[in-house]
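J.: See protein33.pdb below, with PDB, C-alpha atoms and all ligand atoms.
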```pdb
ATOM      1  CA  MET A   1       0.406   9.445  -7.216
ATOM      2  CA  LEU A   2       0.008  12.917  -5.808
ATOM      3  CA  ARG A   3      -1.498  15.606  -8.070
ATOM      4  CA  LEU A   4      -0.321  19.168  -7.585
ATOM      5  CA  ASN A   5      -1.608  22.196  -9.452
ATOM      6  CA  GLU A   6      -0.195  25.351  -7.912
ATOM      7  CA  PRO A   7       3.522  26.015  -8.492
ATOM      8  CA  SER A   8       3.884  27.059  -4.827
ATOM      9  CA  ARG A   9       2.411  23.733  -3.589
ATOM     10  CA  MET A  10       4.675  21.864  -6.007
ATOM     11  CA  ARG A  11       7.738  23.617  -4.607
ATOM     12  CA  GLU A  12       6.633  23.030  -1.028
ATOM     13  CA  TRP A  13       6.274  19.306  -1.696
ATOM     14  CA  SER A  14       9.657  19.092  -3.477
ATOM     15  CA  ARG A  15      11.358  20.888  -0.614
ATOM     16  CA  SER A  16       9.800  18.502   1.890
ATOM     17  CA  GLN A  17      11.179  15.557  -0.106
ATOM     18  CA  ARG A  18      14.608  17.099  -0.290
ATOM     19  CA  SER A  19      14.649  17.821   3.411
ATOM     20  CA  SER A  20      14.096  14.082   3.979
ATOM     21  CA  GLY A  21      17.208  13.466   1.869
ATOM     22  CA  ARG A  22      15.433  12.399  -1.327
ATOM     23  CA  SER A  23      16.618  13.466  -4.778
ATOM     24  CA  ILE A  24      14.061  14.501  -7.418
ATOM     25  CA  ALA A  25      13.925  13.950 -11.184
ATOM     26  CA  LEU A  26      11.552  15.902 -13.408
ATOM     27  CA  VAL A  27      10.147  14.511 -16.663
ATOM     28  CA  PRO A  28       8.432  17.458 -18.379
ATOM     29  CA  THR A  29       5.704  16.567 -20.889
ATOM     30  CA  MET A  30       2.787  18.075 -22.740
ATOM     31  CA  GLY A  31       0.705  14.970 -22.032
ATOM     32  CA  ALA A  32      -0.460  12.593 -24.792
ATOM     33  CA  ILE A  33       1.751  10.140 -22.930
ATOM     34  CA  HIS A  34       3.261   7.296 -24.962
ATOM     35  CA  ALA A  35       5.918   4.638 -24.487
ATOM     36  CA  GLY A  36       8.650   7.212 -25.153
ATOM     37  CA  HIS A  37       7.565   9.192 -22.076
ATOM     38  CA  LEU A  38       7.272   5.986 -20.041
ATOM     39  CA  SER A  39      10.874   5.091 -20.854
ATOM     40  CA  LEU A  40      11.948   8.564 -19.626
ATOM     41  CA  VAL A  41      10.117   7.924 -16.348
ATOM     42  CA  ASP A  42      11.966   4.606 -15.953
ATOM     43  CA  LEU A  43      15.275   6.337 -16.637
ATOM     44  CA  ALA A  44      14.421   9.065 -14.124
ATOM     45  CA  ALA A  45      13.524   6.465 -11.478
ATOM     46  CA  GLU A  46      16.871   4.729 -11.959
ATOM     47  CA  HIS A  47      18.716   7.932 -11.118
ATOM     48  CA  ALA A  48      16.625   9.744  -8.497
ATOM     49  CA  ASP A  49      14.641   8.840  -5.382
ATOM     50  CA  CYS A  50      11.406  10.350  -6.647
ATOM     51  CA  VAL A  51      10.034  11.209 -10.063
ATOM     52  CA  VAL A  52       7.809  14.170 -10.866
ATOM     53  CA  VAL A  53       6.032  14.254 -14.248
ATOM     54  CA  SER A  54       4.658  17.589 -15.401
ATOM     55  CA  ILE A  55       1.829  17.789 -17.910
ATOM     56  CA  PHE A  56       1.205  21.175 -19.476
ATOM     57  CA  VAL A  57       0.419  21.986 -23.106
ATOM     58  CA  ASN A  58       2.492  25.134 -23.344
ATOM     59  CA  PRO A  59       0.795  27.655 -25.665
ATOM     60  CA  ALA A  60       3.953  29.783 -25.842
ATOM     61  CA  GLN A  61       5.851  27.178 -27.857
ATOM     62  CA  PHE A  62       3.209  26.882 -30.606
ATOM     63  CA  GLY A  63       3.333  29.332 -33.492
ATOM     64  CA  LYS A  64       0.410  30.866 -35.347
ATOM     65  CA  GLY A  65      -1.283  28.235 -37.496
ATOM     66  CA  GLU A  66       0.336  25.366 -35.563
ATOM     67  CA  ASP A  67      -1.590  22.580 -33.814
ATOM     68  CA  LEU A  68      -2.169  24.061 -30.320
ATOM     69  CA  GLY A  69      -5.963  23.626 -30.595
ATOM     70  CA  ALA A  70      -5.713  20.095 -31.994
ATOM     71  CA  TYR A  71      -2.933  18.897 -29.682
ATOM     72  CA  PRO A  72      -4.172  15.634 -28.088
ATOM     73  CA  ARG A  73      -5.326  16.149 -24.486
ATOM     74  CA  ASP A  74      -6.606  13.250 -22.401
ATOM     75  CA  LEU A  75      -5.564  13.596 -18.776
ATOM     76  CA  ASP A  76      -7.433  10.471 -17.588
ATOM     77  CA  ARG A  77      -5.656   8.315 -20.140
ATOM     78  CA  ASP A  78      -2.292   9.931 -19.295
ATOM     79  CA  ILE A  79      -2.819   9.207 -15.595
ATOM     80  CA  GLU A  80      -3.820   5.620 -16.345
ATOM     81  CA  LEU A  81      -0.631   5.099 -18.362
ATOM     82  CA  LEU A  82       1.545   6.598 -15.636
ATOM     83  CA  PHE A  83      -0.265   4.851 -12.806
ATOM     84  CA  ASP A  84       1.848   1.683 -12.620
ATOM     85  CA  LEU A  85       5.101   3.574 -12.960
ATOM     86  CA  PRO A  86       7.249   4.953 -10.147
ATOM     87  CA  VAL A  87       5.809   8.486 -10.431
ATOM     88  CA  GLU A  88       5.300  10.110  -7.037
ATOM     89  CA  ALA A  89       3.850  13.419  -8.142
ATOM     90  CA  LEU A  90       2.113  14.830 -11.173
ATOM     91  CA  PHE A  91       2.511  18.571 -11.639
ATOM     92  CA  LEU A  92      -0.551  19.856 -13.512
ATOM     93  CA  PRO A  93      -0.346  23.634 -13.569
ATOM     94  CA  ALA A  94      -3.264  25.644 -14.911
ATOM     95  CA  GLU A  95      -2.631  28.006 -17.811
ATOM     96  CA  SER A  96      -3.877  30.924 -15.704
ATOM     97  CA  ASP A  97      -1.246  30.159 -13.036
ATOM     98  CA  LEU A  98       1.592  30.061 -15.525
ATOM     99  CA  TYR A  99       0.452  32.776 -17.921
ATOM    100  CA  PRO A 100      -1.645  35.391 -16.150
ATOM    101  CA  GLY A 101      -3.009  38.037 -18.527
ATOM    102  CA  ASP A 102      -0.136  40.455 -17.879
ATOM    103  CA  TYR A 103       2.636  37.834 -18.204
ATOM    104  CA  SER A 104       5.692  39.542 -19.728
ATOM    105  CA  THR A 105       8.933  37.699 -18.875
ATOM    106  CA  TRP A 106      10.801  35.438 -21.304
ATOM    107  CA  VAL A 107      13.933  33.312 -21.241
ATOM    108  CA  GLU A 108      15.722  33.106 -24.570
ATOM    109  CA  GLU A 109      18.751  31.182 -25.831
ATOM    110  CA  THR A 110      20.072  33.075 -28.830
ATOM    111  CA  SER A 111      22.526  30.796 -30.635
ATOM    112  CA  ILE A 112      21.678  27.089 -30.914
ATOM    113  CA  SER A 113      17.974  27.898 -31.073
ATOM    114  CA  GLN A 114      18.217  29.935 -34.281
ATOM    115  CA  GLY A 115      18.490  27.303 -37.030
ATOM    116  CA  TRP A 116      16.472  24.239 -38.072
ATOM    117  CA  GLU A 117      13.473  23.941 -35.715
ATOM    118  CA  GLY A 118      14.049  27.545 -34.652
ATOM    119  CA  ALA A 119      14.062  28.800 -38.255
ATOM    120  CA  SER A 120      10.902  26.883 -39.144
ATOM    121  CA  ARG A 121       9.116  27.669 -35.873
ATOM    122  CA  PRO A 122       9.971  31.225 -34.789
ATOM    123  CA  ASP A 123       9.505  31.757 -31.017
ATOM    124  CA  HIS A 124       9.170  27.996 -30.433
ATOM    125  CA  PHE A 125      12.362  27.706 -28.393
ATOM    126  CA  ARG A 126      11.667  30.919 -26.503
ATOM    127  CA  GLY A 127       8.440  29.259 -25.362
ATOM    128  CA  VAL A 128      10.291  26.061 -24.467
ATOM    129  CA  THR A 129      13.127  27.706 -22.510
ATOM    130  CA  THR A 130      10.677  29.929 -20.656
ATOM    131  CA  ILE A 131       8.382  27.105 -19.570
ATOM    132  CA  VAL A 132      11.239  24.747 -18.694
ATOM    133  CA  THR A 133      12.848  27.429 -16.520
ATOM    134  CA  ARG A 134       9.562  27.899 -14.693
ATOM    135  CA  LEU A 135       9.013  24.154 -14.286
ATOM    136  CA  LEU A 136      12.537  23.895 -12.887
ATOM    137  CA  LEU A 137      11.819  26.743 -10.454
ATOM    138  CA  ALA A 138       8.608  25.067  -9.305
ATOM    139  CA  VAL A 139       9.972  21.527  -8.963
ATOM    140  CA  GLU A 140      13.633  22.256  -8.132
ATOM    141  CA  PRO A 141      14.797  18.837  -9.342
ATOM    142  CA  GLU A 142      18.391  17.603  -9.318
ATOM    143  CA  LEU A 143      17.765  15.835 -12.628
ATOM    144  CA  LEU A 144      15.857  16.858 -15.778
ATOM    145  CA  VAL A 145      15.083  13.965 -18.129
ATOM    146  CA  LEU A 146      14.500  14.731 -21.817
ATOM    147  CA  GLY A 147      14.086  12.633 -24.954
ATOM    148  CA  GLN A 148      16.655  12.414 -27.748
ATOM    149  CA  LYS A 149      13.963  12.729 -30.429
ATOM    150  CA  ASP A 150      13.815  16.469 -29.688
ATOM    151  CA  ALA A 151      17.579  16.771 -30.059
ATOM    152  CA  GLN A 152      17.693  20.516 -30.647
ATOM    153  CA  GLN A 153      15.447  21.074 -27.642
ATOM    154  CA  VAL A 154      17.949  19.074 -25.551
ATOM    155  CA  ALA A 155      20.833  21.195 -26.870
ATOM    156  CA  VAL A 156      19.018  24.502 -26.305
ATOM    157  CA  ILE A 157      17.895  23.591 -22.775
ATOM    158  CA  SER A 158      21.357  22.268 -21.879
ATOM    159  CA  ARG A 159      22.934  25.549 -23.037
ATOM    160  CA  MET A 160      20.365  27.559 -21.077
ATOM    161  CA  ILE A 161      21.049  25.528 -17.919
ATOM    162  CA  ARG A 162      24.795  26.028 -18.360
ATOM    163  CA  ASP A 163      24.501  29.744 -19.104
ATOM    164  CA  LEU A 164      22.104  30.485 -16.223
ATOM    165  CA  LEU A 165      24.067  28.294 -13.776
ATOM    166  CA  LEU A 166      20.901  26.351 -12.966
ATOM    167  CA  PRO A 167      21.666  23.575 -10.467
ATOM    168  CA  VAL A 168      20.240  20.672 -12.452
ATOM    169  CA  GLU A 169      21.731  17.860 -14.509
ATOM    170  CA  VAL A 170      20.240  16.921 -17.884
ATOM    171  CA  MET A 171      19.843  13.257 -18.754
ATOM    172  CA  VAL A 172      18.759  12.163 -22.223
ATOM    173  CA  GLY A 173      16.680   9.046 -22.945
ATOM    174  CA  ALA A 174      16.967   7.199 -26.271
ATOM    175  CA  THR A 175      14.222   7.593 -28.873
ATOM    176  CA  VAL A 176      11.609   4.841 -28.643
ATOM    177  CA  ARG A 177      10.450   3.518 -32.012
ATOM    178  CA  GLU A 178       7.610   1.500 -33.486
ATOM    179  CA  SER A 179       8.598  -1.908 -34.895
ATOM    180  CA  ASP A 180       9.160  -0.388 -38.366
ATOM    181  CA  GLY A 181      11.369   2.379 -36.939
ATOM    182  CA  LEU A 182       8.933   5.328 -36.777
ATOM    183  CA  ALA A 183       9.877   7.426 -33.725
ATOM    184  CA  LEU A 184       7.072   7.644 -31.159
ATOM    185  CA  SER A 185       5.520  11.102 -31.068
ATOM    186  CA  SER A 186       2.234  12.507 -29.858
ATOM    187  CA  ARG A 187       1.810  13.927 -33.360
ATOM    188  CA  ASN A 188       1.798  10.444 -34.968
ATOM    189  CA  ALA A 189      -1.886  10.380 -33.934
ATOM    190  CA  TYR A 190      -2.623  12.899 -36.712
ATOM    191  CA  LEU A 191      -1.444  10.518 -39.487
ATOM    192  CA  SER A 192      -4.005   8.707 -41.663
ATOM    193  CA  GLY A 193      -3.382   4.999 -42.315
ATOM    194  CA  ASP A 194      -1.716   5.723 -45.632
ATOM    195  CA  GLU A 195       0.381   8.560 -44.203
ATOM    196  CA  ARG A 196       1.459   6.307 -41.322
ATOM    197  CA  GLY A 197       2.907   3.924 -43.925
ATOM    198  CA  GLN A 198       4.771   6.757 -45.633
ATOM    199  CA  ALA A 199       6.074   8.184 -42.338
ATOM    200  CA  VAL A 200       8.606   5.379 -41.993
ATOM    201  CA  CYS A 201      10.654   7.247 -44.641
ATOM    202  CA  LEU A 202      12.219   9.424 -41.909
ATOM    203  CA  PHE A 203      13.712   6.403 -40.162
ATOM    204  CA  GLU A 204      14.675   4.805 -43.451
ATOM    205  CA  ALA A 205      16.483   7.975 -44.553
ATOM    206  CA  LEU A 206      18.411   7.984 -41.252
ATOM    207  CA  SER A 207      19.202   4.282 -41.667
ATOM    208  CA  GLU A 208      20.468   4.976 -45.190
ATOM    209  CA  ALA A 209      22.753   7.710 -43.785
ATOM    210  CA  ARG A 210      24.125   5.310 -41.174
ATOM    211  CA  ARG A 211      24.683   2.629 -43.829
ATOM    212  CA  LEU A 212      26.561   5.024 -46.113
ATOM    213  CA  VAL A 213      28.755   6.334 -43.277
ATOM    214  CA  SER A 214      29.486   2.768 -42.104
ATOM    215  CA  GLY A 215      30.573   2.055 -45.683
ATOM    216  CA  GLY A 216      33.123   4.885 -45.476
ATOM    217  CA  GLU A 217      31.245   7.862 -46.987
ATOM    218  CA  VAL A 218      32.567  11.097 -45.491
ATOM    219  CA  ASP A 219      30.851  13.702 -47.670
ATOM    220  CA  PRO A 220      27.704  15.103 -45.996
ATOM    221  CA  VAL A 221      26.422  16.325 -49.385
ATOM    222  CA  VAL A 222      26.397  12.772 -50.735
ATOM    223  CA  VAL A 223      24.759  11.345 -47.616
ATOM    224  CA  THR A 224      22.043  13.983 -47.404
ATOM    225  CA  ARG A 225      21.327  13.605 -51.130
ATOM    226  CA  HIS A 226      20.590   9.900 -50.593
ATOM    227  CA  MET A 227      18.412  10.749 -47.577
ATOM    228  CA  ARG A 228      16.506  13.295 -49.629
ATOM    229  CA  GLU A 229      15.964  10.775 -52.442
ATOM    230  CA  ARG A 230      14.511   8.258 -49.961
ATOM    231  CA  ILE A 231      12.047  10.826 -48.562
ATOM    232  CA  GLU A 232      11.023  12.031 -52.011
ATOM    233  CA  ARG A 233       9.815   8.549 -52.957
ATOM    234  CA  GLU A 234       6.753   9.156 -50.741
ATOM    235  CA  PRO A 235       3.925  11.065 -52.480
ATOM    236  CA  ASP A 236       2.793  13.045 -49.415
ATOM    237  CA  ALA A 237       6.234  13.820 -47.979
ATOM    238  CA  ARG A 238       7.624  17.366 -48.105
ATOM    239  CA  ILE A 239      11.041  18.027 -46.601
ATOM    240  CA  ASP A 240      11.321  21.026 -44.293
ATOM    241  CA  TYR A 241      15.021  20.492 -43.509
ATOM    242  CA  LEU A 242      17.509  17.674 -43.662
ATOM    243  CA  ALA A 243      21.091  18.104 -42.452
ATOM    244  CA  ALA A 244      24.323  16.635 -41.084
ATOM    245  CA  LEU A 245      25.264  18.632 -37.981
ATOM    246  CA  ASP A 246      27.612  18.877 -35.046
ATOM    247  CA  PRO A 247      25.343  17.544 -32.252
ATOM    248  CA  ILE A 248      26.469  20.178 -29.734
ATOM    249  CA  THR A 249      26.544  23.386 -31.793
ATOM    250  CA  PHE A 250      24.003  22.390 -34.441
ATOM    251  CA  GLU A 251      26.323  23.821 -37.112
ATOM    252  CA  PRO A 252      26.486  21.860 -40.413
ATOM    253  CA  VAL A 253      29.607  19.689 -40.772
ATOM    254  CA  ASP A 254      31.925  19.851 -43.830
ATOM    255  CA  THR A 255      33.072  16.296 -43.451
ATOM    256  CA  ILE A 256      31.722  13.291 -41.590
ATOM    257  CA  ALA A 257      34.092  12.520 -38.715
ATOM    258  CA  GLY A 258      33.799  12.056 -34.952
ATOM    259  CA  ARG A 259      30.169  12.492 -33.867
ATOM    260  CA  VAL A 260      27.683  13.647 -36.479
ATOM    261  CA  MET A 261      23.961  14.117 -36.093
ATOM    262  CA  PHE A 262      21.711  13.493 -39.065
ATOM    263  CA  CYS A 263      18.425  15.240 -38.490
ATOM    264  CA  LEU A 264      15.334  16.014 -40.462
ATOM    265  CA  ALA A 265      11.875  17.530 -40.349
ATOM    266  CA  VAL A 266       9.359  16.284 -42.890
ATOM    267  CA  HIS A 267       5.714  17.054 -43.490
ATOM    268  CA  ILE A 268       3.692  13.921 -44.192
ATOM    269  CA  GLY A 269       0.462  15.418 -45.481
ATOM    270  CA  ARG A 270      -0.443  18.000 -42.829
ATOM    271  CA  THR A 271       1.626  16.415 -40.047
ATOM    272  CA  ARG A 272       5.140  17.653 -39.348
ATOM    273  CA  LEU A 273       7.486  14.993 -37.971
ATOM    274  CA  ILE A 274      11.093  15.237 -36.776
ATOM    275  CA  ASP A 275      13.746  12.610 -36.158
ATOM    276  CA  ASN A 276      17.517  12.308 -35.780
ATOM    277  CA  ASP A 277      20.371   9.888 -35.334
ATOM    278  CA  ILE A 278      23.862  10.495 -33.968
ATOM    279  CA  VAL A 279      26.553   8.439 -35.684
ATOM    280  CA  THR A 280      29.956   8.135 -34.019
ATOM    281  CA  ILE A 281      32.841   7.310 -36.327
ATOM    282  CA  GLN A 282      35.614   5.626 -34.340
ATOM    283  CA  SER A 283      39.318   5.966 -35.137
ATOM    284  CA  GLY A 284      39.388   2.669 -37.118
ATOM    285  CA  GLY A 285      36.403   3.859 -39.208
ATOM    286  CA  ASP A 286      33.797   1.729 -37.375
ATOM    287  CA  THR A 287      30.508   3.447 -36.565
ATOM    288  CA  VAL A 288      28.420   3.334 -33.394
TER
HETATM  289  O1  LIG B 301       9.128  18.142 -25.231
HETATM  290  C1  LIG B 301       8.051  18.601 -24.769
HETATM  291  O2  LIG B 301       7.079  17.885 -24.589
HETATM  292  C2  LIG B 301       7.969  20.087 -24.439
HETATM  293  O3  LIG B 301       8.694  20.850 -25.335
HETATM  294  C3  LIG B 301       8.375  20.412 -22.983
HETATM  295  C4  LIG B 301       9.848  20.095 -22.734
HETATM  296  C5  LIG B 301       7.504  19.611 -22.021
HETATM  297  C6  LIG B 301       8.157  21.899 -22.708
HETATM  298  O4  LIG B 301       6.822  22.253 -22.874
END
```
Let me see the structure of the file written as structure tokens.
Ligand code: PAF
T.:
Amino acid sequence: MLRLNEPSRMREWSRSQRSSGRSIALVPTMGAIHAGHLSLVDLAAEHADCVVVSIFVNPAQFGKGEDLGAYPRDLDRDIELLFDLPVEALFLPAESDLYPGDYSTWVEETSISQGWEGASRPDHFRGVTTIVTRLLLAVEPELLVLGQKDAQQVAVISRMIRDLLLPVEVMVGATVRESDGLALSSRNAYLSGDERGQAVCLFEALSEARRLVSGGEVDPVVVTRHMRERIEREPDARIDYLAALDPITFEPVDTIAGRVMFCLAVHIGRTRLIDNDIVTIQSGGDTV
């Protein structure tokens, strides 16, 4: 597994692969690799000749008072986890290469990024779209592989790629969950034992939504009320947002029909977790 630090060396290597006829998939990460990332690597390897994983904890997507300083960083462990996978190159840019002192250029999506995560974390998506654009310019992949857990991030990046005519396809990997349903996240490491038990309420609220919709409920107010009640049973849970949305526009839906995304952000103690589920209601009323 090749390790590349400078963006120019990364691009040189990618171009050499492409000139030998090989397609490239990029899996961008902030490290703290877990089974969710590993499943994205597998997906990438199924669809491209070589896989590049980037590891960079991007300061620009953390707000004031967020967990930039505490964010788990263990490059040796990350490399060990990726070692047996079909990863040909690791892109490990230094902060000084990506953000020199006089850095002053930003990429911003101004519609889908405004609500939900964007409302709770101002400037977060500006940081994400800027770094992803620069990773894409350094790696020049044909395929960008992202995880469904960060659904709004997927929507914002997909819109940016469409709007800027960037020549890359987005592929989305399913959320990987613990056996009780908790979505894998690098931030799960912050949870105490007791909080870890309570954190399953996000998945259980989503499961309750799916159950209600499968039973014929079409009113998003009713469904989200039940979700809220499930979360509020946990003593350390505090809801940031909880909504039934159109999964493309991220606008709230008036009625549950077609494809609806239930999504939520919940603080469990001091840890903020997000999760989502897209329910598809078929013409006969069955759900997928
Ligand atoms: O999802 C993440 O880990 C980050 O937001 C990303 C896409 C690597 C950009 O820093």
J.: Please extract the residues at most 9 Å from ligand LIG 301 (chain B), counting all atoms listed in the file, and provide them as a PDB file with C-alpha atoms, keeping the file's coordinate frame, using the chain letters and residue numbers of this document.
T.:
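Generated file (result.pdb):
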```
ATOM      1  CA  VAL A  27      10.147  14.511 -16.663  1.00  0.00           C
ATOM      2  CA  PRO A  28       8.432  17.458 -18.379  1.00  0.00           C
ATOM      3  CA  THR A  29       5.704  16.567 -20.889  1.00  0.00           C
ATOM      4  CA  MET A  30       2.787  18.075 -22.740  1.00  0.00           C
ATOM      5  CA  GLY A  31       0.705  14.970 -22.032  1.00  0.00           C
ATOM      6  CA  SER A  54       4.658  17.589 -15.401  1.00  0.00           C
ATOM      7  CA  ILE A  55       1.829  17.789 -17.910  1.00  0.00           C
ATOM      8  CA  PHE A  56       1.205  21.175 -19.476  1.00  0.00           C
ATOM      9  CA  VAL A  57       0.419  21.986 -23.106  1.00  0.00           C
ATOM     10  CA  ASN A  58       2.492  25.134 -23.344  1.00  0.00           C
ATOM     11  CA  PRO A  59       0.795  27.655 -25.665  1.00  0.00           C
ATOM     12  CA  ALA A  60       3.953  29.783 -25.842  1.00  0.00           C
ATOM     13  CA  GLN A  61       5.851  27.178 -27.857  1.00  0.00           C
ATOM     14  CA  HIS A 124       9.170  27.996 -30.433  1.00  0.00           C
ATOM     15  CA  PHE A 125      12.362  27.706 -28.393  1.00  0.00           C
ATOM     16  CA  GLY A 127       8.440  29.259 -25.362  1.00  0.00           C
ATOM     17  CA  VAL A 128      10.291  26.061 -24.467  1.00  0.00           C
ATOM     18  CA  THR A 129      13.127  27.706 -22.510  1.00  0.00           C
ATOM     19  CA  THR A 130      10.677  29.929 -20.656  1.00  0.00           C
ATOM     20  CA  ILE A 131       8.382  27.105 -19.570  1.00  0.00           C
ATOM     21  CA  VAL A 132      11.239  24.747 -18.694  1.00  0.00           C
ATOM     22  CA  LEU A 135       9.013  24.154 -14.286  1.00  0.00           C
ATOM     23  CA  LEU A 146      14.500  14.731 -21.817  1.00  0.00           C
ATOM     24  CA  GLY A 147      14.086  12.633 -24.954  1.00  0.00           C
ATOM     25  CA  LYS A 149      13.963  12.729 -30.429  1.00  0.00           C
ATOM     26  CA  ASP A 150      13.815  16.469 -29.688  1.00  0.00           C
ATOM     27  CA  GLN A 153      15.447  21.074 -27.642  1.00  0.00           C
ATOM     28  CA  VAL A 154      17.949  19.074 -25.551  1.00  0.00           C
ATOM     29  CA  ILE A 157      17.895  23.591 -22.775  1.00  0.00           C
ATOM     30  CA  SER A 186       2.234  12.507 -29.858  1.00  0.00           C
TER      31      SER A 186
END
```
J.: Got a sec to resolve the PyMOL selection byres (((chain A and resi 262-270) around 7) and not hetatm) on this structure and send the residues as a list of chain:residue names?
T.: A:Glu195, A:Ala199, A:Leu206, A:Asp236, A:Ala237, A:Arg238, A:Ile239, A:Asp240, A:Tyr241, A:Leu242, A:Ala243, A:Ala244, A:Leu245, A:Val260, A:Met261, A:Thr271, A:Arg272, A:Leu273, A:Ile274, A:Asp275, A:Asn276, A:Asp277, A:Ile278
J.: Between atom CA of A:Trp13 and atom CA of A:Thr133, what is the distance, to one decimal in Å?
T.: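 Interatomic distance, atom CA of A:Trp13 to atom CA of A:Thr133: 18.1 Å.
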J.: Counting all atoms listed in the file, which residues have an atom no more than 12 Å from (13.4, 17.6, -0.6) in the file's coordinates? Please list them as a PDB file with C-alpha atoms, in the frame of the given file.
T.:
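Heads up, here's the output in out_32.pdb:
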```pdb
ATOM      1  CA  MET A  10       4.675  21.864  -6.007  1.00  0.00           C
ATOM      2  CA  ARG A  11       7.738  23.617  -4.607  1.00  0.00           C
ATOM      3  CA  GLU A  12       6.633  23.030  -1.028  1.00  0.00           C
ATOM      4  CA  TRP A  13       6.274  19.306  -1.696  1.00  0.00           C
ATOM      5  CA  SER A  14       9.657  19.092  -3.477  1.00  0.00           C
ATOM      6  CA  ARG A  15      11.358  20.888  -0.614  1.00  0.00           C
ATOM      7  CA  SER A  16       9.800  18.502   1.890  1.00  0.00           C
ATOM      8  CA  GLN A  17      11.179  15.557  -0.106  1.00  0.00           C
ATOM      9  CA  ARG A  18      14.608  17.099  -0.290  1.00  0.00           C
ATOM     10  CA  SER A  19      14.649  17.821   3.411  1.00  0.00           C
ATOM     11  CA  SER A  20      14.096  14.082   3.979  1.00  0.00           C
ATOM     12  CA  GLY A  21      17.208  13.466   1.869  1.00  0.00           C
ATOM     13  CA  ARG A  22      15.433  12.399  -1.327  1.00  0.00           C
ATOM     14  CA  SER A  23      16.618  13.466  -4.778  1.00  0.00           C
ATOM     15  CA  ILE A  24      14.061  14.501  -7.418  1.00  0.00           C
ATOM     16  CA  ALA A  25      13.925  13.950 -11.184  1.00  0.00           C
ATOM     17  CA  ALA A  48      16.625   9.744  -8.497  1.00  0.00           C
ATOM     18  CA  ASP A  49      14.641   8.840  -5.382  1.00  0.00           C
ATOM     19  CA  CYS A  50      11.406  10.350  -6.647  1.00  0.00           C
ATOM     20  CA  VAL A  51      10.034  11.209 -10.063  1.00  0.00           C
ATOM     21  CA  VAL A 139       9.972  21.527  -8.963  1.00  0.00           C
ATOM     22  CA  GLU A 140      13.633  22.256  -8.132  1.00  0.00           C
ATOM     23  CA  PRO A 141      14.797  18.837  -9.342  1.00  0.00           C
ATOM     24  CA  GLU A 142      18.391  17.603  -9.318  1.00  0.00           C
TER      25      GLU A 142
END
```
J.: Take atom CA of A:Ala44 and atom CA of A:Tyr71 and report the distance between them in Å, one decimal.
T.: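 So the answer is 25.3 Å.
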J.: Taking the file as shown, what set of residues would the PyMOL selection byres (((chain A and resi 92) around 8) and not hetatm) give back, as a PyMOL selection string?
T.: chain A and resi 3-6+54-56+90-91+93-94
J.: Point out the residue among A:Pro7, A:Val288, A:Leu165, A:Arg121 with the least atom-to-atom distance to A:Arg134, counting all atoms listed in the file.
T.: A:Pro7
J.: Please report the interatomic distance between atom CA of A:Ser113 and atom CA of A:Leu40 in Å with one decimal.
T.: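 About the pair atom CA of A:Ser113 and atom CA of A:Leu40: they are 23.3 Å apart.
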J.: From the set A:Leu143, A:Leu68, A:Leu43, A:Ser120, which residue has the shortest atom-to-atom contact distance to A:Leu26, counting all atoms listed in the file?
T.: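 The shortest atom-to-atom distance to A:Leu26 comes from A:Leu143.
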J.: With the PyMOL selection byres (((chain A and resi 180) around 12) and not hetatm) as the selection, what would be picked from this file? Answer as a JSON list (two decimals) with C-alpha atoms, in the coordinates of the input, please.
T.:
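Result file follows (selection-v2.json):
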```json
[["chain", "number", "residue", "atom", "x", "y", "z"],
["A", 176, "VAL", "CA", 11.61, 4.84, -28.64],
["A", 177, "ARG", "CA", 10.45, 3.52, -32.01],
["A", 178, "GLU", "CA", 7.61, 1.50, -33.49],
["A", 179, "SER", "CA", 8.60, -1.91, -34.90],
["A", 181, "GLY", "CA", 11.37, 2.38, -36.94],
["A", 182, "LEU", "CA", 8.93, 5.33, -36.78],
["A", 183, "ALA", "CA", 9.88, 7.43, -33.72],
["A", 184, "LEU", "CA", 7.07, 7.64, -31.16],
["A", 196, "ARG", "CA", 1.46, 6.31, -41.32],
["A", 197, "GLY", "CA", 2.91, 3.92, -43.92],
["A", 198, "GLN", "CA", 4.77, 6.76, -45.63],
["A", 199, "ALA", "CA", 6.07, 8.18, -42.34],
["A", 200, "VAL", "CA", 8.61, 5.38, -41.99],
["A", 201, "CYS", "CA", 10.65, 7.25, -44.64],
["A", 202, "LEU", "CA", 12.22, 9.42, -41.91],
["A", 203, "PHE", "CA", 13.71, 6.40, -40.16],
["A", 204, "GLU", "CA", 14.68, 4.80, -43.45],
["A", 207, "SER", "CA", 19.20, 4.28, -41.67]]
```
J.: Give the padded box for stretch 43-61 of chain A as lines of an AutoDock Vina configuration file: axis-aligned, covering all atoms listed in the file, 5 Å on each side, centre and edge lengths in Å to one decimal.
T.:
```
center_x = 9.6
center_y = 17.3
center_z = -16.6
size_x = 28.3
size_y = 35.1
size_z = 32.5
```
J.: Here is a test: counting all atoms listed in the file, which residue of A:Asp163, A:Asp102, A:Glu234, A:Asp286 is nearest to A:Ser214?
T.: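 For A:Ser214, the nearest of the given residues is A:Asp286.
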J.: With distances taken over only C-alpha atoms, which of A:Met227, A:Val156, A:Ala151, A:Ala138 is nearest to A:Gln114?
T.: A:Val156
J.: Go through A:Lys64, A:Arg228, A:Arg210, A:Arg162 and flag the residue nearest A:Glu109, using all atoms listed in the file for the distances.
T.: A:Arg162
J.: Can you work out which one of A:Ala189, A:Ala174, A:Leu2, A:Val223 has the shortest atom-to-atom distance to A:Val145, counting all atoms listed in the file?
T.: A:Ala174
J.: Counting only C-alpha atoms, which residues have an atom no more than 12 Å from (-3.7, 7.7, -25.7) in the file's coordinates? Please list them as an MDAnalysis selection string.
T.: chainID A and resid 31:35 37 71:82 185:189
